[in-house]
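Working notes for the structure below.
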Amino acid sequence: MAMTDTEPQTILRNEADLPFVDLGDGSLIQLLQVDLATGIWIVRTKFRPGATMQTHKHTGHVYAFTQTGSWYYLETPDYVNVAGSYLYEPAGSTHTQHVPDTNTELTDVWFTIYGANLNLGADGNVEFVVDAHAIYGIYKAFCTAQHGVTDPPVVVINS
């Protein structure tokens with residue numbers, strides 16, 4: 001057998017292939033990839049000016065790259081992510097993401113998330129959990145409801 005017979009194939013998705021869905025909390029997401037075996041999920045998120053996300057804790061590492069706009073954590077307001085910024089969030093970090101209302105455009109951020117987001121209530125207790133399995137189901141449901149797309153071509157890894 002030739003070496004090229006066993007080569008894995010690359011997978012390309014263009015921006016228009018995967019709809020952005022409105023989560024109803026000031027953000028639009030485009031789920032790019034989920035690895036259901038390892039719990040990794042990759043999303044592109046667009047935040048409107050003035051949006052504040054629910055306080056959450058990460059069970060795994062998160063890598064973020066800001067493409068446009070700016071954002072910061074309410075807990076560290078002097079630590080602002082701007083277009084071109086890369087941010088590493090260690091497992092166990094807890095924060096509240098905020099987008100300044102002075103932004104003139106959507107803030108566009110690409111996240112690779114290992115593990116789960118534990119979304120916390122005002123009392124610090126977990127209200128709900130989002131992980132690779134959950135976000136995949138949520139994204140598919142919103143794609144169906146908002147765009148009539150029942151099987152969006154998310155890159156899904158099961159091994």
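Identifiers in the structure tokens: chain A, B, ... in order shown; residue index from 1 per chain; ligand index from 1 in order shown.
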Check: Leaving out Gly115 (chain A) and any residue of its chain fewer than 4 positions from it, which residues lie within 10 Å of it when counting only C-alpha atoms, given as a PyMOL selection string?
Finding: chain A and resi 38-41+58-62+91+130-132
Next item on the list: Name the residues of region 29-106 of chain A that fall into strand (DSSP E or B) according to DSSP on the backbone, using the chain letters and numbers of this document, as a PyMOL selection string.
Entry: chain A and resi 29-35+40-47+52+56-58+62-68+70-73+76-82+86-89+94-95+97-98
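CA of Gln30 (chain A) to CA of Leu74 (chain A) spans 24.4 Å [interatomic distance, one decimal].
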Notebook entry, point to check: Which one is closest to Thr94 (chain A): A:Asn81, A:Thr55, A:Thr76, A:Ser70? Count only C-alpha atoms.
Noted result: A:Thr55
Check: Which residue out of A:Asp101, A:Asp25, A:Asp78, A:Asp108 has the minimum interatomic distance to Phe65 (chain A) when only C-alpha atoms are used?
Finding: A:Asp108
Check: Could you pull the residues within 10 Å of Val99 (chain A), counting only C-alpha atoms, minus those fewer than 3 positions along the same chain, as a PyMOL selection string?
Finding: chain A and resi 26+47-53+69-74+80-81+102-103+106-107
Could the residues in this selection be saved with all heavy atoms as a compact mmCIF listing (two decimals), in the first residue's frame?
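Output (out-v8.txt):
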```txt
# COMPACT_ATOMS: atom_id res chain seq x y z
N GLY A 26 -26.67 38.19 23.93
CA GLY A 26 -25.76 39.18 23.38
C GLY A 26 -24.63 38.58 22.58
O GLY A 26 -23.68 39.27 22.24
N PHE A 47 -19.68 39.19 19.83
CA PHE A 47 -20.34 39.85 20.94
C PHE A 47 -20.72 41.27 20.55
O PHE A 47 -19.92 41.99 19.97
CB PHE A 47 -19.41 39.93 22.16
CG PHE A 47 -18.89 38.60 22.63
CD1 PHE A 47 -17.64 38.16 22.25
CD2 PHE A 47 -19.67 37.79 23.45
CE1 PHE A 47 -17.15 36.95 22.69
CE2 PHE A 47 -19.19 36.57 23.89
CZ PHE A 47 -17.93 36.14 23.51
N ARG A 48 -21.92 41.69 20.90
CA ARG A 48 -22.35 43.06 20.63
C ARG A 48 -21.74 44.00 21.67
O ARG A 48 -21.41 43.57 22.79
CB ARG A 48 -23.87 43.15 20.65
CG ARG A 48 -24.47 42.89 22.00
CD ARG A 48 -25.96 43.16 22.07
NE ARG A 48 -26.52 42.63 23.29
CZ ARG A 48 -26.30 43.10 24.51
NH1 ARG A 48 -25.54 44.14 24.68
NH2 ARG A 48 -26.86 42.54 25.57
N PRO A 49 -21.58 45.28 21.33
CA PRO A 49 -21.09 46.24 22.31
C PRO A 49 -21.98 46.25 23.56
O PRO A 49 -23.21 46.18 23.46
CB PRO A 49 -21.18 47.58 21.58
CG PRO A 49 -21.04 47.21 20.13
CD PRO A 49 -21.78 45.89 20.01
N GLY A 50 -21.35 46.27 24.73
CA GLY A 50 -22.07 46.31 26.00
C GLY A 50 -22.46 44.94 26.55
O GLY A 50 -23.01 44.87 27.65
N ALA A 51 -22.17 43.87 25.83
CA ALA A 51 -22.56 42.52 26.28
C ALA A 51 -21.72 42.09 27.49
O ALA A 51 -20.52 42.34 27.55
CB ALA A 51 -22.38 41.51 25.16
N THR A 52 -22.39 41.46 28.43
CA THR A 52 -21.71 40.85 29.57
C THR A 52 -22.18 39.40 29.65
O THR A 52 -23.37 39.14 29.70
CB THR A 52 -22.05 41.58 30.89
OG1 THR A 52 -21.64 42.95 30.77
CG2 THR A 52 -21.34 40.93 32.07
N MET A 53 -21.23 38.49 29.65
CA MET A 53 -21.55 37.07 29.72
C MET A 53 -21.66 36.65 31.18
O MET A 53 -21.12 37.30 32.08
CB MET A 53 -20.45 36.24 29.04
CG MET A 53 -20.21 36.59 27.58
SD MET A 53 -21.65 36.35 26.54
CE MET A 53 -22.14 38.03 26.23
N GLY A 69 -12.65 44.16 17.59
CA GLY A 69 -13.25 44.67 18.81
C GLY A 69 -12.35 44.54 20.02
O GLY A 69 -11.13 44.37 19.89
N SER A 70 -12.96 44.61 21.20
CA SER A 70 -12.21 44.47 22.44
C SER A 70 -13.14 43.91 23.52
O SER A 70 -14.36 44.02 23.43
CB SER A 70 -11.64 45.81 22.89
OG SER A 70 -12.66 46.72 23.24
N TRP A 71 -12.52 43.32 24.54
CA TRP A 71 -13.25 42.76 25.67
C TRP A 71 -12.29 42.57 26.84
O TRP A 71 -11.08 42.61 26.67
CB TRP A 71 -13.94 41.45 25.30
CG TRP A 71 -13.00 40.35 24.84
CD1 TRP A 71 -12.44 40.22 23.59
CD2 TRP A 71 -12.51 39.26 25.61
NE1 TRP A 71 -11.63 39.11 23.55
CE2 TRP A 71 -11.67 38.49 24.76
CE3 TRP A 71 -12.71 38.83 26.91
CZ2 TRP A 71 -11.02 37.34 25.20
CZ3 TRP A 71 -12.07 37.67 27.34
CH2 TRP A 71 -11.25 36.95 26.49
N TYR A 72 -12.87 42.38 28.02
CA TYR A 72 -12.07 42.16 29.21
C TYR A 72 -12.91 41.42 30.23
O TYR A 72 -14.11 41.20 30.04
CB TYR A 72 -11.53 43.47 29.78
CG TYR A 72 -12.60 44.47 30.18
CD1 TYR A 72 -13.13 44.46 31.47
CD2 TYR A 72 -13.06 45.43 29.29
CE1 TYR A 72 -14.12 45.37 31.84
CE2 TYR A 72 -14.04 46.34 29.65
CZ TYR A 72 -14.56 46.30 30.93
OH TYR A 72 -15.53 47.19 31.30
N TYR A 73 -12.28 41.05 31.34
CA TYR A 73 -13.00 40.44 32.46
C TYR A 73 -13.30 41.51 33.48
O TYR A 73 -12.43 42.33 33.81
CB TYR A 73 -12.19 39.30 33.08
CG TYR A 73 -11.97 38.16 32.13
CD1 TYR A 73 -10.71 37.69 31.87
CD2 TYR A 73 -13.05 37.57 31.47
CE1 TYR A 73 -10.51 36.64 30.98
CE2 TYR A 73 -12.86 36.53 30.59
CZ TYR A 73 -11.60 36.07 30.34
OH TYR A 73 -11.40 35.06 29.47
N LEU A 74 -14.52 41.50 34.01
CA LEU A 74 -14.88 42.48 35.02
C LEU A 74 -13.94 42.40 36.22
O LEU A 74 -13.68 43.42 36.88
CB LEU A 74 -16.33 42.28 35.48
CG LEU A 74 -17.39 42.57 34.42
CD1 LEU A 74 -18.79 42.29 34.98
CD2 LEU A 74 -17.29 43.99 33.90
N VAL A 80 -7.14 44.31 28.89
CA VAL A 80 -8.08 44.37 27.76
C VAL A 80 -7.54 43.60 26.55
O VAL A 80 -6.40 43.80 26.13
CB VAL A 80 -8.36 45.84 27.36
CG1 VAL A 80 -9.31 45.91 26.18
CG2 VAL A 80 -8.91 46.61 28.56
N ASN A 81 -8.39 42.73 26.02
CA ASN A 81 -8.09 42.00 24.79
C ASN A 81 -8.56 42.86 23.63
O ASN A 81 -9.71 43.29 23.60
CB ASN A 81 -8.84 40.67 24.77
CG ASN A 81 -8.42 39.75 25.88
OD1 ASN A 81 -7.51 38.96 25.70
ND2 ASN A 81 -9.06 39.86 27.03
N THR A 102 -18.55 51.05 24.34
CA THR A 102 -17.94 52.02 23.44
C THR A 102 -17.43 51.39 22.14
O THR A 102 -17.04 52.10 21.23
CB THR A 102 -16.77 52.75 24.14
OG1 THR A 102 -15.86 51.76 24.63
CG2 THR A 102 -17.28 53.60 25.29
N ASN A 103 -17.41 50.05 22.08
CA ASN A 103 -17.01 49.40 20.83
C ASN A 103 -17.96 49.82 19.72
O ASN A 103 -19.17 49.96 19.95
CB ASN A 103 -17.05 47.87 20.97
CG ASN A 103 -15.86 47.31 21.72
OD1 ASN A 103 -15.05 48.04 22.26
ND2 ASN A 103 -15.77 46.00 21.75
N LEU A 106 -19.01 44.62 16.22
CA LEU A 106 -19.05 43.37 16.98
C LEU A 106 -17.63 42.97 17.34
O LEU A 106 -16.69 43.19 16.58
CB LEU A 106 -19.69 42.26 16.15
CG LEU A 106 -21.19 42.40 15.86
CD1 LEU A 106 -21.64 41.29 14.92
CD2 LEU A 106 -21.98 42.36 17.15
N THR A 107 -17.49 42.38 18.51
CA THR A 107 -16.20 41.82 18.93
C THR A 107 -16.21 40.36 18.53
O THR A 107 -17.11 39.61 18.90
CB THR A 107 -16.01 41.99 20.45
OG1 THR A 107 -15.92 43.40 20.71
CG2 THR A 107 -14.76 41.31 20.93
```
Check: For the atom pair CA of Tyr79 (chain A) and CA of Gln97 (chain A), what is the interatomic distance in Å to one decimal place?
Finding: 11.4 Å
Check: Taking the backbone alone, and naming residues the way the document does, which bits of chain A are alpha helix (DSSP H) by DSSP, as a list in words?
Finding: Ala132, His133, Ala134, Ile135, Tyr136, Gly137, Ile138, Tyr139, Lys140, Ala141, Phe142, Cys143, Thr144, Ala145, Gln146 and His147 of chain A
What does the file look like for those residues with N, CA and C atoms, as a PDB file, in the first residue's frame?
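Output contents, as saved in selection_11.pdb:
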```pdb
ATOM      1  N   ALA A 132     -18.370  19.998  25.313  1.00  0.00           N
ATOM      2  CA  ALA A 132     -18.403  19.685  23.880  1.00  0.00           C
ATOM      3  C   ALA A 132     -19.721  19.034  23.465  1.00  0.00           C
ATOM      4  N   HIS A 133     -20.188  18.084  24.249  1.00  0.00           N
ATOM      5  CA  HIS A 133     -21.451  17.412  23.920  1.00  0.00           C
ATOM      6  C   HIS A 133     -22.623  18.388  23.980  1.00  0.00           C
ATOM      7  N   ALA A 134     -22.666  19.195  25.037  1.00  0.00           N
ATOM      8  CA  ALA A 134     -23.774  20.135  25.206  1.00  0.00           C
ATOM      9  C   ALA A 134     -23.786  21.188  24.105  1.00  0.00           C
ATOM     10  N   ILE A 135     -22.623  21.783  23.810  1.00  0.00           N
ATOM     11  CA  ILE A 135     -22.593  22.854  22.809  1.00  0.00           C
ATOM     12  C   ILE A 135     -22.964  22.325  21.434  1.00  0.00           C
ATOM     13  N   TYR A 136     -22.594  21.086  21.149  1.00  0.00           N
ATOM     14  CA  TYR A 136     -22.957  20.492  19.860  1.00  0.00           C
ATOM     15  C   TYR A 136     -24.477  20.374  19.745  1.00  0.00           C
ATOM     16  N   GLY A 137     -25.118  19.879  20.779  1.00  0.00           N
ATOM     17  CA  GLY A 137     -26.585  19.772  20.762  1.00  0.00           C
ATOM     18  C   GLY A 137     -27.260  21.125  20.712  1.00  0.00           C
ATOM     19  N   ILE A 138     -26.760  22.070  21.502  1.00  0.00           N
ATOM     20  CA  ILE A 138     -27.323  23.427  21.519  1.00  0.00           C
ATOM     21  C   ILE A 138     -27.184  24.071  20.148  1.00  0.00           C
ATOM     22  N   TYR A 139     -26.001  23.965  19.575  1.00  0.00           N
ATOM     23  CA  TYR A 139     -25.754  24.585  18.267  1.00  0.00           C
ATOM     24  C   TYR A 139     -26.674  23.996  17.199  1.00  0.00           C
ATOM     25  N   LYS A 140     -26.784  22.666  17.173  1.00  0.00           N
ATOM     26  CA  LYS A 140     -27.660  22.029  16.177  1.00  0.00           C
ATOM     27  C   LYS A 140     -29.114  22.466  16.358  1.00  0.00           C
ATOM     28  N   ALA A 141     -29.571  22.551  17.599  1.00  0.00           N
ATOM     29  CA  ALA A 141     -30.955  22.967  17.854  1.00  0.00           C
ATOM     30  C   ALA A 141     -31.192  24.401  17.383  1.00  0.00           C
ATOM     31  N   PHE A 142     -30.251  25.306  17.671  1.00  0.00           N
ATOM     32  CA  PHE A 142     -30.396  26.693  17.240  1.00  0.00           C
ATOM     33  C   PHE A 142     -30.277  26.821  15.723  1.00  0.00           C
ATOM     34  N   CYS A 143     -29.425  26.022  15.092  1.00  0.00           N
ATOM     35  CA  CYS A 143     -29.321  26.043  13.627  1.00  0.00           C
ATOM     36  C   CYS A 143     -30.646  25.653  12.998  1.00  0.00           C
ATOM     37  N   THR A 144     -31.288  24.643  13.566  1.00  0.00           N
ATOM     38  CA  THR A 144     -32.586  24.196  13.057  1.00  0.00           C
ATOM     39  C   THR A 144     -33.638  25.283  13.263  1.00  0.00           C
ATOM     40  N   ALA A 145     -33.718  25.810  14.476  1.00  0.00           N
ATOM     41  CA  ALA A 145     -34.749  26.800  14.805  1.00  0.00           C
ATOM     42  C   ALA A 145     -34.554  28.122  14.076  1.00  0.00           C
ATOM     43  N   GLN A 146     -33.318  28.581  13.953  1.00  0.00           N
ATOM     44  CA  GLN A 146     -33.074  29.912  13.404  1.00  0.00           C
ATOM     45  C   GLN A 146     -32.788  29.922  11.910  1.00  0.00           C
ATOM     46  N   HIS A 147     -32.266  28.808  11.381  1.00  0.00           N
ATOM     47  CA  HIS A 147     -31.846  28.798   9.972  1.00  0.00           C
ATOM     48  C   HIS A 147     -32.434  27.649   9.165  1.00  0.00           C
TER      49      HIS A 147
END
```
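CA of Ala37 (chain A) lies 22.1 Å from CA of Thr6 (chain A).
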Next item on the list: Give the answer as one residue: which of A:Thr68, A:Ser85, A:Asp123, A:Asp151 has the shortest atom-to-atom distance to Thr104 (chain A), using only C-alpha atoms?
Entry: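 The shortest atom-to-atom distance to Thr104 (chain A) comes from A:Thr68.
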